[in-house]
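Visitor: File follows, work.tsv with TSV, C-alpha atoms and all ligand atoms:
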chain	number	residue	atom	x	y	z
A	1	ASN	CA	82.21	6.86	-33.18
A	2	ALA	CA	81.91	10.17	-34.99
A	3	PRO	CA	78.61	12.07	-34.60
A	4	THR	CA	76.03	12.61	-37.32
A	5	ILE	CA	75.58	16.32	-37.97
A	6	ALA	CA	73.14	18.65	-39.74
A	7	VAL	CA	73.66	22.22	-40.93
A	8	VAL	CA	70.44	24.28	-40.85
A	9	GLY	CA	70.60	27.36	-43.10
A	10	VAL	CA	73.43	25.84	-45.08
A	11	THR	CA	73.08	28.21	-48.07
A	12	GLY	CA	73.51	31.40	-45.98
A	13	ALA	CA	76.79	33.22	-45.24
A	14	VAL	CA	77.19	31.57	-41.82
A	15	GLY	CA	75.95	28.21	-43.15
A	16	GLN	CA	78.66	28.19	-45.76
A	17	GLU	CA	81.22	29.24	-43.14
A	18	PHE	CA	80.10	26.29	-40.97
A	19	LEU	CA	81.23	23.99	-43.80
A	20	SER	CA	84.56	25.81	-44.20
A	21	VAL	CA	85.29	25.61	-40.49
A	22	LEU	CA	84.18	21.95	-40.22
A	23	SER	CA	86.64	21.16	-42.97
A	24	ASP	CA	89.46	23.41	-41.72
A	25	ARG	CA	89.28	21.85	-38.25
A	26	ASP	CA	88.79	18.34	-39.58
A	27	PHE	CA	85.70	18.00	-37.38
A	28	PRO	CA	84.84	14.28	-37.08
A	29	TYR	CA	81.42	13.34	-38.46
A	30	SER	CA	79.95	10.08	-39.72
A	31	SER	CA	77.37	11.85	-41.91
A	32	ILE	CA	76.27	15.42	-42.64
A	33	LYS	CA	72.85	16.75	-43.72
A	34	MET	CA	72.54	20.03	-45.64
A	35	LEU	CA	69.25	21.66	-44.63
A	36	ALA	CA	67.61	24.85	-45.86
A	37	SER	CA	64.25	26.34	-46.79
A	38	LYS	CA	62.02	24.89	-49.51
A	39	ARG	CA	63.36	27.60	-51.81
A	40	SER	CA	66.90	26.23	-51.62
A	41	ALA	CA	65.98	22.52	-51.45
A	42	GLY	CA	67.37	20.54	-54.38
A	43	ARG	CA	70.49	22.68	-54.80
A	44	ARG	CA	73.61	20.62	-55.19
A	45	MET	CA	76.84	21.31	-53.33
A	46	THR	CA	80.18	19.62	-52.96
A	47	PHE	CA	81.71	19.30	-49.53
A	48	GLU	CA	84.95	17.49	-48.81
A	49	ASP	CA	84.88	15.93	-52.29
A	50	LYS	CA	81.39	14.54	-51.82
A	51	GLU	CA	78.24	15.66	-53.64
A	52	TYR	CA	75.25	16.69	-51.49
A	53	VAL	CA	71.71	17.77	-52.32
A	54	VAL	CA	70.25	20.44	-50.05
A	55	GLU	CA	67.18	19.04	-48.27
A	56	GLU	CA	64.15	21.00	-47.14
A	57	LEU	CA	64.10	21.48	-43.37
A	58	THR	CA	61.23	19.47	-41.80
A	59	ALA	CA	60.48	18.02	-38.34
A	60	GLU	CA	61.77	14.65	-39.60
A	61	SER	CA	65.11	16.17	-40.63
A	62	PHE	CA	66.60	15.52	-37.19
A	63	ASP	CA	65.91	11.78	-36.88
A	64	GLY	CA	69.28	10.23	-36.06
A	65	VAL	CA	71.11	13.56	-35.95
A	66	ASP	CA	73.52	13.98	-33.02
A	67	ILE	CA	74.46	17.67	-33.52
A	68	ALA	CA	72.60	20.35	-35.50
A	69	LEU	CA	74.23	23.70	-36.25
A	70	PHE	CA	71.53	26.36	-36.77
A	71	SER	CA	71.93	29.68	-38.54
A	72	ALA	CA	68.66	30.35	-40.33
A	73	GLY	CA	67.16	33.17	-38.30
A	74	GLY	CA	65.32	33.33	-35.00
A	75	SER	CA	61.94	32.10	-36.24
A	76	ILE	CA	63.40	28.89	-37.74
A	77	SER	CA	65.34	28.27	-34.52
A	78	LYS	CA	62.21	28.87	-32.42
A	79	GLU	CA	60.17	26.45	-34.57
A	80	PHE	CA	62.69	23.68	-35.21
A	81	GLY	CA	65.16	23.94	-32.31
A	82	PRO	CA	62.81	22.33	-29.75
A	83	ILE	CA	61.70	19.72	-32.33
A	84	ALA	CA	65.34	18.75	-32.87
A	85	VAL	CA	66.00	18.61	-29.12
A	86	ASN	CA	62.96	16.32	-28.67
A	87	ARG	CA	64.45	14.05	-31.35
A	88	GLY	CA	67.57	13.75	-29.16
A	89	THR	CA	69.68	16.22	-31.16
A	90	ILE	CA	72.05	18.70	-29.52
A	91	VAL	CA	71.35	22.06	-31.15
A	92	VAL	CA	74.00	24.80	-31.37
A	93	ASP	CA	71.93	27.84	-32.28
A	94	ASN	CA	73.49	30.97	-33.80
A	95	SER	CA	70.24	32.96	-33.58
A	96	SER	CA	69.20	35.15	-30.65
A	97	ALA	CA	66.06	33.04	-30.03
A	98	PHE	CA	67.20	31.25	-26.84
A	99	ARG	CA	70.29	33.19	-25.72
A	100	MET	CA	68.66	34.70	-22.65
A	101	ASP	CA	66.74	31.55	-21.68
A	102	GLU	CA	68.06	30.66	-18.20
A	103	ASN	CA	68.13	26.94	-19.10
A	104	VAL	CA	70.19	27.51	-22.24
A	105	PRO	CA	73.98	27.87	-21.90
A	106	LEU	CA	75.36	30.91	-23.77
A	107	VAL	CA	78.94	29.88	-24.58
A	108	ILE	CA	82.25	31.23	-25.83
A	109	PRO	CA	84.49	28.14	-25.51
A	110	GLU	CA	87.61	30.13	-24.55
A	111	VAL	CA	85.61	32.09	-21.96
A	112	ASN	CA	82.96	29.98	-20.21
A	113	PRO	CA	83.14	26.31	-21.32
A	114	GLU	CA	81.96	25.27	-17.85
A	115	ALA	CA	78.49	26.58	-18.76
A	116	MET	CA	77.97	23.50	-21.01
A	117	GLU	CA	80.15	20.88	-19.31
A	118	LYS	CA	77.22	18.52	-18.61
A	119	ILE	CA	76.19	18.33	-22.29
A	120	LYS	CA	77.81	15.62	-24.40
A	121	VAL	CA	76.97	13.67	-27.54
A	122	GLY	CA	75.69	10.22	-26.57
A	123	MET	CA	74.24	11.35	-23.24
A	124	GLY	CA	70.93	9.97	-24.50
A	125	LYS	CA	68.99	13.22	-24.82
A	126	GLY	CA	68.93	16.42	-26.78
A	127	ALA	CA	69.96	19.87	-25.57
A	128	LEU	CA	70.12	23.44	-26.81
A	129	ILE	CA	73.22	25.65	-26.59
A	130	ALA	CA	73.20	29.27	-27.78
A	131	ASN	CA	75.98	30.99	-29.71
A	132	PRO	CA	76.34	34.59	-28.48
A	133	ASN	CA	75.90	37.55	-30.80
A	134	CYS	CA	78.96	38.26	-32.92
A	135	SER	CA	79.71	41.66	-31.35
A	136	THR	CA	79.49	40.05	-27.90
A	137	ILE	CA	81.88	37.22	-28.83
A	138	ILE	CA	84.45	39.57	-30.34
A	139	CYS	CA	84.28	41.97	-27.38
A	140	LEU	CA	84.44	39.33	-24.65
A	141	MET	CA	87.29	37.38	-26.26
A	142	ALA	CA	89.52	40.30	-25.21
A	143	ALA	CA	87.64	41.80	-22.26
A	144	THR	CA	87.20	38.55	-20.33
A	145	PRO	CA	90.88	37.70	-19.68
A	146	LEU	CA	91.25	41.22	-18.24
A	147	HIS	CA	88.00	40.86	-16.28
A	148	ARG	CA	89.22	37.61	-14.75
A	149	HIS	CA	92.40	39.40	-13.60
A	150	ALA	CA	91.02	42.69	-12.25
A	151	LYS	CA	87.20	42.42	-12.33
A	152	VAL	CA	85.49	44.78	-14.73
A	153	LEU	CA	83.04	47.10	-12.95
A	154	ARG	CA	82.01	49.03	-16.07
A	155	MET	CA	82.46	48.47	-19.81
A	156	VAL	CA	81.70	51.01	-22.54
A	157	VAL	CA	81.64	49.57	-26.08
A	158	SER	CA	81.45	51.34	-29.42
A	159	THR	CA	81.15	48.94	-32.34
A	160	TYR	CA	81.93	49.40	-36.04
A	161	GLN	CA	79.99	46.49	-37.54
A	162	ALA	CA	80.52	44.91	-40.95
A	163	ALA	CA	77.95	44.30	-43.66
A	164	SER	CA	78.18	40.53	-43.15
A	165	GLY	CA	76.27	40.90	-39.89
A	166	ALA	CA	73.25	41.81	-41.99
A	167	GLY	CA	73.77	38.81	-44.31
A	168	ALA	CA	75.17	38.00	-47.73
A	169	ALA	CA	72.67	40.29	-49.46
A	170	ALA	CA	73.96	43.26	-47.46
A	171	MET	CA	77.53	42.48	-48.52
A	172	GLU	CA	76.38	42.33	-52.15
A	173	GLU	CA	74.53	45.62	-51.80
A	174	LEU	CA	77.57	47.34	-50.29
A	175	GLU	CA	79.65	46.26	-53.27
A	176	LEU	CA	76.95	47.27	-55.76
A	177	GLN	CA	76.43	50.68	-54.15
A	178	THR	CA	80.18	51.33	-54.10
A	179	ARG	CA	80.36	50.73	-57.86
A	180	GLU	CA	77.23	52.80	-58.50
A	181	VAL	CA	78.47	55.76	-56.46
A	182	LEU	CA	81.87	55.69	-58.18
A	183	GLU	CA	80.07	55.62	-61.54
A	184	GLY	CA	77.94	58.59	-60.51
A	185	LYS	CA	74.77	56.50	-60.41
A	186	PRO	CA	72.12	56.62	-57.65
A	187	PRO	CA	72.83	53.81	-55.10
A	188	THR	CA	70.52	50.78	-54.99
A	189	CYS	CA	69.04	50.77	-51.45
A	190	LYS	CA	67.07	47.53	-50.91
A	191	ILE	CA	68.57	46.11	-47.69
A	192	PHE	CA	69.02	49.39	-45.83
A	193	ASN	CA	66.77	52.31	-46.71
A	194	ARG	CA	69.79	54.60	-47.15
A	195	GLN	CA	73.17	54.81	-48.81
A	196	TYR	CA	75.68	52.50	-47.14
A	197	ALA	CA	78.73	52.98	-49.39
A	198	PHE	CA	81.00	55.80	-48.18
A	199	ASN	CA	78.65	56.23	-45.23
A	200	LEU	CA	77.97	54.78	-41.75
A	201	PHE	CA	74.83	54.67	-39.66
A	202	SER	CA	73.38	53.61	-36.33
A	203	HIS	CA	72.92	49.80	-36.38
A	204	ASN	CA	69.82	48.69	-38.29
A	205	ALA	CA	68.42	46.66	-35.33
A	206	SER	CA	65.16	48.08	-33.97
A	207	VAL	CA	65.37	50.86	-31.37
A	208	LEU	CA	63.73	50.17	-28.00
A	209	SER	CA	61.85	52.54	-25.68
A	210	ASN	CA	65.05	53.11	-23.67
A	211	GLY	CA	66.72	54.54	-26.76
A	212	TYR	CA	69.08	51.61	-27.18
A	213	ASN	CA	68.81	49.30	-30.20
A	214	GLU	CA	68.51	45.51	-29.88
A	215	GLU	CA	72.15	44.99	-30.89
A	216	GLU	CA	73.32	47.19	-28.02
A	217	MET	CA	71.06	45.47	-25.51
A	218	LYS	CA	72.41	42.08	-26.65
A	219	LEU	CA	75.91	43.23	-25.66
A	220	VAL	CA	74.63	44.39	-22.26
A	221	LYS	CA	72.56	41.29	-21.44
A	222	GLU	CA	74.83	38.64	-22.96
A	223	THR	CA	77.91	40.01	-21.18
A	224	ARG	CA	76.13	39.75	-17.82
A	225	LYS	CA	75.01	36.18	-18.56
A	226	ILE	CA	78.39	34.97	-19.87
A	227	TRP	CA	80.29	36.58	-16.98
A	228	ASN	CA	77.59	35.43	-14.57
A	229	ASP	CA	77.67	38.94	-13.14
A	230	LYS	CA	74.34	40.73	-13.10
A	231	ASP	CA	75.93	43.87	-11.60
A	232	VAL	CA	78.58	44.68	-14.19
A	233	LYS	CA	77.73	47.98	-15.83
A	234	VAL	CA	77.70	47.81	-19.63
A	235	THR	CA	76.71	50.41	-22.20
A	236	ALA	CA	77.11	50.19	-25.97
A	237	THR	CA	76.69	52.12	-29.19
A	238	CYS	CA	76.50	49.89	-32.27
A	239	ILE	CA	77.22	51.37	-35.69
A	240	ARG	CA	77.07	49.77	-39.15
A	241	VAL	CA	80.15	50.69	-41.23
A	242	PRO	CA	81.04	50.03	-44.91
A	243	VAL	CA	83.35	47.07	-44.18
A	244	MET	CA	82.68	43.58	-45.58
A	245	ARG	CA	83.05	40.88	-42.90
A	246	ALA	CA	84.94	41.91	-39.77
A	247	HIS	CA	83.71	43.96	-36.84
A	248	ALA	CA	85.81	46.51	-34.97
A	249	GLU	CA	85.09	47.56	-31.39
A	250	SER	CA	86.45	50.30	-29.15
A	251	VAL	CA	86.18	49.21	-25.51
A	252	ASN	CA	86.71	51.19	-22.32
A	253	LEU	CA	87.08	49.13	-19.14
A	254	GLN	CA	86.90	50.25	-15.50
A	255	PHE	CA	88.30	47.72	-13.03
A	256	GLU	CA	87.83	46.97	-9.37
A	257	ARG	CA	91.55	46.23	-8.97
A	258	PRO	CA	94.47	48.06	-10.65
A	259	LEU	CA	95.58	46.70	-14.04
A	260	ASP	CA	98.40	48.46	-15.87
A	261	GLU	CA	98.72	48.39	-19.64
A	262	ASP	CA	101.86	46.19	-19.70
A	263	THR	CA	100.21	43.55	-17.54
A	264	ALA	CA	97.09	43.77	-19.70
A	265	ARG	CA	99.18	43.33	-22.86
A	266	ASP	CA	100.87	40.23	-21.38
A	267	ILE	CA	97.53	38.75	-20.34
A	268	LEU	CA	96.12	39.25	-23.82
A	269	LYS	CA	99.24	37.84	-25.51
A	270	ASN	CA	98.66	34.66	-23.52
A	271	SER	CA	94.92	34.47	-24.13
A	272	PRO	CA	93.62	31.71	-26.45
A	273	GLY	CA	92.10	32.95	-29.70
A	274	VAL	CA	93.60	36.44	-29.27
A	275	VAL	CA	96.55	38.12	-31.01
A	276	VAL	CA	97.98	41.47	-29.91
A	277	ILE	CA	98.77	44.01	-32.65
A	278	ASP	CA	99.90	47.06	-30.69
A	279	ASP	CA	102.81	48.83	-32.36
A	280	ARG	CA	102.75	52.51	-31.46
A	281	GLU	CA	106.05	53.25	-33.23
A	282	SER	CA	104.63	52.38	-36.64
A	283	ASN	CA	101.04	53.21	-35.71
A	284	ASN	CA	100.13	49.60	-36.51
A	285	PHE	CA	96.96	48.32	-34.85
A	286	PRO	CA	94.16	45.82	-35.67
A	287	THR	CA	92.14	46.40	-38.84
A	288	PRO	CA	89.04	44.53	-40.11
A	289	LEU	CA	90.78	43.57	-43.34
A	290	GLU	CA	93.70	41.90	-41.55
A	291	VAL	CA	91.45	39.74	-39.33
A	292	SER	CA	89.05	38.79	-42.15
A	293	ASN	CA	88.83	35.02	-42.78
A	294	LYS	CA	91.00	34.40	-39.69
A	295	ASP	CA	90.14	32.62	-36.44
A	296	ASP	CA	91.83	34.97	-33.97
A	297	VAL	CA	90.51	38.23	-32.58
A	298	ALA	CA	93.11	41.03	-32.72
A	299	VAL	CA	93.58	43.59	-29.92
A	300	GLY	CA	95.59	46.82	-29.86
A	301	ARG	CA	95.56	50.47	-28.71
A	302	ILE	CA	96.04	49.04	-25.20
A	303	ARG	CA	96.48	52.09	-22.97
A	304	ARG	CA	95.67	53.43	-19.55
A	305	ASP	CA	92.39	55.33	-19.41
A	306	LEU	CA	93.63	58.83	-18.54
A	307	SER	CA	90.20	59.84	-17.33
A	308	GLN	CA	90.45	57.46	-14.38
A	309	ASP	CA	92.61	57.50	-11.23
A	310	GLY	CA	95.62	55.21	-11.09
A	311	ASN	CA	95.43	52.03	-13.11
A	312	GLN	CA	91.73	51.47	-12.67
A	313	GLY	CA	90.90	51.81	-16.35
A	314	LEU	CA	92.02	50.72	-19.82
A	315	ASP	CA	91.05	51.50	-23.40
A	316	ILE	CA	91.50	48.79	-26.06
A	317	PHE	CA	90.56	48.30	-29.72
A	318	ILE	CA	89.44	44.93	-31.04
A	319	CYS	CA	88.82	43.49	-34.51
A	320	GLY	CA	87.33	40.08	-35.29
A	321	ASP	CA	85.83	38.24	-38.26
A	322	GLN	CA	82.05	38.40	-37.82
A	323	ILE	CA	81.22	35.30	-39.85
A	324	ARG	CA	84.05	33.16	-38.48
A	325	LYS	CA	84.81	33.74	-34.77
A	326	GLY	CA	81.68	35.89	-34.54
A	327	ALA	CA	79.47	32.99	-35.60
A	328	ALA	CA	80.60	29.78	-37.36
A	329	LEU	CA	83.93	29.09	-35.62
A	330	ASN	CA	82.50	29.74	-32.16
A	331	ALA	CA	79.58	27.38	-32.84
A	332	ILE	CA	81.87	24.61	-34.06
A	333	GLN	CA	84.21	25.07	-31.11
A	334	ILE	CA	81.08	24.51	-28.99
A	335	ALA	CA	80.35	21.36	-31.00
A	336	GLU	CA	83.93	20.17	-30.35
A	337	LEU	CA	83.27	20.44	-26.61
A	338	LEU	CA	80.34	18.03	-27.05
A	339	LEU	CA	82.58	15.19	-28.26
A	401	LIG	C1	74.90	42.18	-36.89
A	401	LIG	N1	75.17	40.96	-34.80
A	401	LIG	O1	76.10	42.38	-37.03
A	401	LIG	C2	74.42	41.04	-36.03
A	401	LIG	C3	74.54	39.77	-36.79
A	401	LIG	N2	73.89	38.73	-36.16
A	401	LIG	O2	74.04	42.85	-37.45
Could you write out this structure as structure tokens?
Ligand code: 2RA
Guide:
Amino acid sequence: NAPTIAVVGVTGAVGQEFLSVLSDRDFPYSSIKMLASKRSAGRRMTFEDKEYVVEELTAESFDGVDIALFSAGGSISKEFGPIAVNRGTIVVDNSSAFRMDENVPLVIPEVNPEAMEKIKVGMGKGALIANPNCSTIICLMAATPLHRHAKVLRMVVSTYQAASGAGAAAMEELELQTREVLEGKPPTCKIFNRQYAFNLFSHNASVLSNGYNEEEMKLVKETRKIWNDKDVKVTATCIRVPVMRAHAESVNLQFERPLDEDTARDILKNSPGVVVIDDRESNNFPTPLEVSNKDDVAVGRIRRDLSQDGNQGLDIFICGDQIRKGAALNAIQIAELLL
């Protein structure tokens, strides 16, 4: 019979997208619990023509819950994820809290479903599965099919990340600042301590002693874990750009075996969850706006890397919805694999 589910962080941008995706994909559930902080408890919401009251997240929230979808920040996942698992719940966690834990599968269903094949609803015990970071998911949805064909030795990623990655408040501030700047008013800078509208800046994640920020190191570490390849060379530069909800990423790939651009284009055209938009004639390539609110990741600018000998390298450009495939859709596709 259909699982009982809980959504933790239901009032946030990803929490709300969880509900949209559950409904869009007609995910089977026998009951659903809407969980959030004390501040949001008591709020009413309608989902699939039924009225729900948001409940405060407590240790008892998970009694009888088969699957819990978490997107309420790393500290909530750290505190309540293990509690839920001990109650027999399978947790799909969108935070970074457990991604690098060797006992926790880090899964993109189209890429490495085998990493979680032993975990199923009804197996009689809880488990924890981690959703990768959005920029990792979007990058690897396109890079992995090529990697499987010609083995990536080195990947260089430059990201152009949307406001949604910093939450609903950041999206609101981007819109507010845009209006203020156009009206000649000083921009309101509460989320980021600088003007965001008509600007771009190095990702707001903290910068480590090696000069990389945490967002960039997530791409490096998560790629190695998902590809199960600790030797692949990855470097990244993550930038926050004034775009609402879809990330864009420029990716340079160096392969062990030759891979020409036509073969690469064919591989991508036949890859699940990927669409190719690569029309040089009309200079038509992926854009964040066109992938927004969509499931698929779009890839274009597929071309041989002229700086490398033969067909050992490719450059591609990828766009993907950060809230959907970058978070909520991926997590619910993981939940579908549990059934
Ligand atoms: C960002 N990857 O875009 C983060 C969201 N978790 O800032």
Visitor: Applying 9 Å and all atoms listed in the file, which residues near A:Arg303 remain after dropping the ones on its own chain fewer than 5 positions away? List them as number ranges by chain.
Guide: A: 260-262, 264, 313-316
Visitor: From the list A:Asn193, A:Ser135, A:Thr178, A:Ser209, which residue is nearest ligand LIG 401 (chain A) when using all atoms listed in the file?
Guide: A:Ser135
Visitor: Compile a residue-level contact table for chain A against ligand LIG 401 (chain A) at a cut-off of 8 Å, reporting for every qualifying residue the shortest atom pair and its distance in Å to one decimal, with only C-alpha atoms and all ligand atoms counted, rows ordered by chain and ascending number, as a Markdown table.
Guide:
| residue | atom | partner | partner_atom | distance |
| --- | --- | --- | --- | --- |
| A:Ser95 | CA | A:LIG401 | N2 | 7.3 |
| A:Asn133 | CA | A:LIG401 | N1 | 5.3 |
| A:Cys134 | CA | A:LIG401 | N1 | 5.0 |
| A:Ser135 | CA | A:LIG401 | N1 | 5.7 |
| A:Gln161 | CA | A:LIG401 | O1 | 5.7 |
| A:Ala162 | CA | A:LIG401 | O1 | 6.4 |
| A:Ala163 | CA | A:LIG401 | O1 | 7.1 |
| A:Ser164 | CA | A:LIG401 | O1 | 6.7 |
| A:Gly165 | CA | A:LIG401 | O1 | 3.2 |
| A:Ala166 | CA | A:LIG401 | O2 | 4.7 |
| A:Gly167 | CA | A:LIG401 | C3 | 7.6 |
| A:His203 | CA | A:LIG401 | O2 | 7.1 |
| A:Asn204 | CA | A:LIG401 | O2 | 7.3 |
| A:Ala205 | CA | A:LIG401 | O2 | 7.1 |
| A:Glu215 | CA | A:LIG401 | N1 | 6.4 |
| A:Arg240 | CA | A:LIG401 | O2 | 7.7 |
| A:His247 | CA | A:LIG401 | O1 | 7.8 |
| A:Gln322 | CA | A:LIG401 | O1 | 7.2 |
Visitor: Which residue is closest to A:Pro113? Choose from A:Phe255, A:Tyr29, A:Phe70, A:Trp227 and count all atoms listed in the file.
Guide: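 Residue with the minimum atom-to-atom distance to A:Pro113: A:Trp227.
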Visitor: Measuring between all atoms listed in the file, which one of A:Leu338, A:Leu200, A:Cys319, A:Ile239 shows the shortest distance to A:Glu216?
Guide: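 Ranked by minimum distance to A:Glu216, first place goes to A:Ile239.
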Visitor: Do you know which residues are at most 10 Å from A:Ser77 counting all atoms listed in the file, after dropping those on the same chain fewer than 2 positions away, and could you put them as a PyMOL selection string?
Guide: chain A and resi 8+70-75+79-84+91-98
Visitor: Since we have the selection now, will you write its residues out, keeping C-alpha atoms, as a PDB file, in the frame of the given file?
Guide:
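What ended up in result_18.pdb:
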ATOM      1  CA  VAL A   8      70.440  24.280 -40.850  1.00  0.00           C
ATOM      2  CA  PHE A  70      71.530  26.360 -36.770  1.00  0.00           C
ATOM      3  CA  SER A  71      71.930  29.680 -38.540  1.00  0.00           C
ATOM      4  CA  ALA A  72      68.660  30.350 -40.330  1.00  0.00           C
ATOM      5  CA  GLY A  73      67.160  33.170 -38.300  1.00  0.00           C
ATOM      6  CA  GLY A  74      65.320  33.330 -35.000  1.00  0.00           C
ATOM      7  CA  SER A  75      61.940  32.100 -36.240  1.00  0.00           C
ATOM      8  CA  GLU A  79      60.170  26.450 -34.570  1.00  0.00           C
ATOM      9  CA  PHE A  80      62.690  23.680 -35.210  1.00  0.00           C
ATOM     10  CA  GLY A  81      65.160  23.940 -32.310  1.00  0.00           C
ATOM     11  CA  PRO A  82      62.810  22.330 -29.750  1.00  0.00           C
ATOM     12  CA  ILE A  83      61.700  19.720 -32.330  1.00  0.00           C
ATOM     13  CA  ALA A  84      65.340  18.750 -32.870  1.00  0.00           C
ATOM     14  CA  VAL A  91      71.350  22.060 -31.150  1.00  0.00           C
ATOM     15  CA  VAL A  92      74.000  24.800 -31.370  1.00  0.00           C
ATOM     16  CA  ASP A  93      71.930  27.840 -32.280  1.00  0.00           C
ATOM     17  CA  ASN A  94      73.490  30.970 -33.800  1.00  0.00           C
ATOM     18  CA  SER A  95      70.240  32.960 -33.580  1.00  0.00           C
ATOM     19  CA  SER A  96      69.200  35.150 -30.650  1.00  0.00           C
ATOM     20  CA  ALA A  97      66.060  33.040 -30.030  1.00  0.00           C
ATOM     21  CA  PHE A  98      67.200  31.250 -26.840  1.00  0.00           C
TER      22      PHE A  98
END
Visitor: Quick one, how far is atom CA of A:Ser250 from atom CA of A:Asn311?
Guide: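 Answer for the atom CA of A:Ser250 to atom CA of A:Asn311 separation: 18.5 Å.
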Visitor: Fewer than 2 positions away in the same chain doesn't count, so skip those; otherwise give me all residues within 9 Å of stretch 121-125 of chain A, counting all atoms listed in the file, as an MDAnalysis selection string.
Guide: chainID A and resid 3 66:67 85:90 119 127 338:339
Visitor: Mind giving me the straight-line distance from atom CA of A:Ala68 to atom CA of A:Ile5 in Å, one decimal?
Guide: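 Here the two named atoms are 5.6 Å from each other.
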Visitor: Padding 6 Å on each side, edges along x, y and z: where is the centre of the box around the listed atoms of stretch 301-317 of chain A, and how long are its edges in Å to one decimal? Output it as AutoDock Vina command-line options.
Guide:
--center_x 93.3 --center_y 54.1 --center_z -20.4 --size_x 18.3 --size_y 23.5 --size_z 30.6
Visitor: Near A:Lys233, within 9 Å and counting all atoms listed in the file, which residues show up once chain neighbours fewer than 4 positions away are dropped, as a ChimeraX atom specification?
Guide: /A:152-156,220,224
Visitor: Could you take the residues named above and write them with C-alpha atoms, as a short mmCIF file (atom, residue, chain, number, x, y, z; two decimals), in the frame of the given file?
Guide:
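Below you can see again.cif, which holds the result:
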data_model
loop_
_atom_site.label_atom_id
_atom_site.label_comp_id
_atom_site.auth_asym_id
_atom_site.auth_seq_id
_atom_site.Cartn_x
_atom_site.Cartn_y
_atom_site.Cartn_z
CA VAL A 152 85.49 44.78 -14.73
CA LEU A 153 83.04 47.10 -12.95
CA ARG A 154 82.01 49.03 -16.07
CA MET A 155 82.46 48.47 -19.81
CA VAL A 156 81.70 51.01 -22.54
CA VAL A 220 74.63 44.39 -22.26
CA ARG A 224 76.13 39.75 -17.82
#
Visitor: Excluding A:Val53 and any residue of its chain fewer than 2 positions from it, enumerate the residues within 8 Å of it, using only C-alpha atoms, and give them as a list in words.
Guide: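 Near neighbours after the sequence-gap exclusion: Met34, Ala41, Gly42, Arg43, Arg44, Met45, Glu51 and Glu55 of chain A.
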Visitor: Ranking A:Asp309, A:Glu256, A:Glu117, A:Glu183 by minimum distance to A:His149 and counting all atoms listed in the file, which one comes first?
Guide: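 For A:His149, the nearest of the given residues is A:Glu256.
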Visitor: Would you please work out which residue, of A:Ala197, A:Val21, A:Leu208, A:Ala327, is nearest to A:Val241 when using only C-alpha atoms?
Guide: A:Ala197
Visitor: Rounded to one decimal, what separation in Å do you get between atom CA of A:Ser282 and atom CA of A:Arg265?
Guide: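 Here the two named atoms are 17.4 Å from each other.
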Visitor: Could you check which of A:Gln333, A:Ser23, A:Thr11, A:Gln195 is closest to A:Val54, using all atoms listed in the file?
Guide: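 With all atoms listed in the file as the atom set, the closest residue is A:Thr11.
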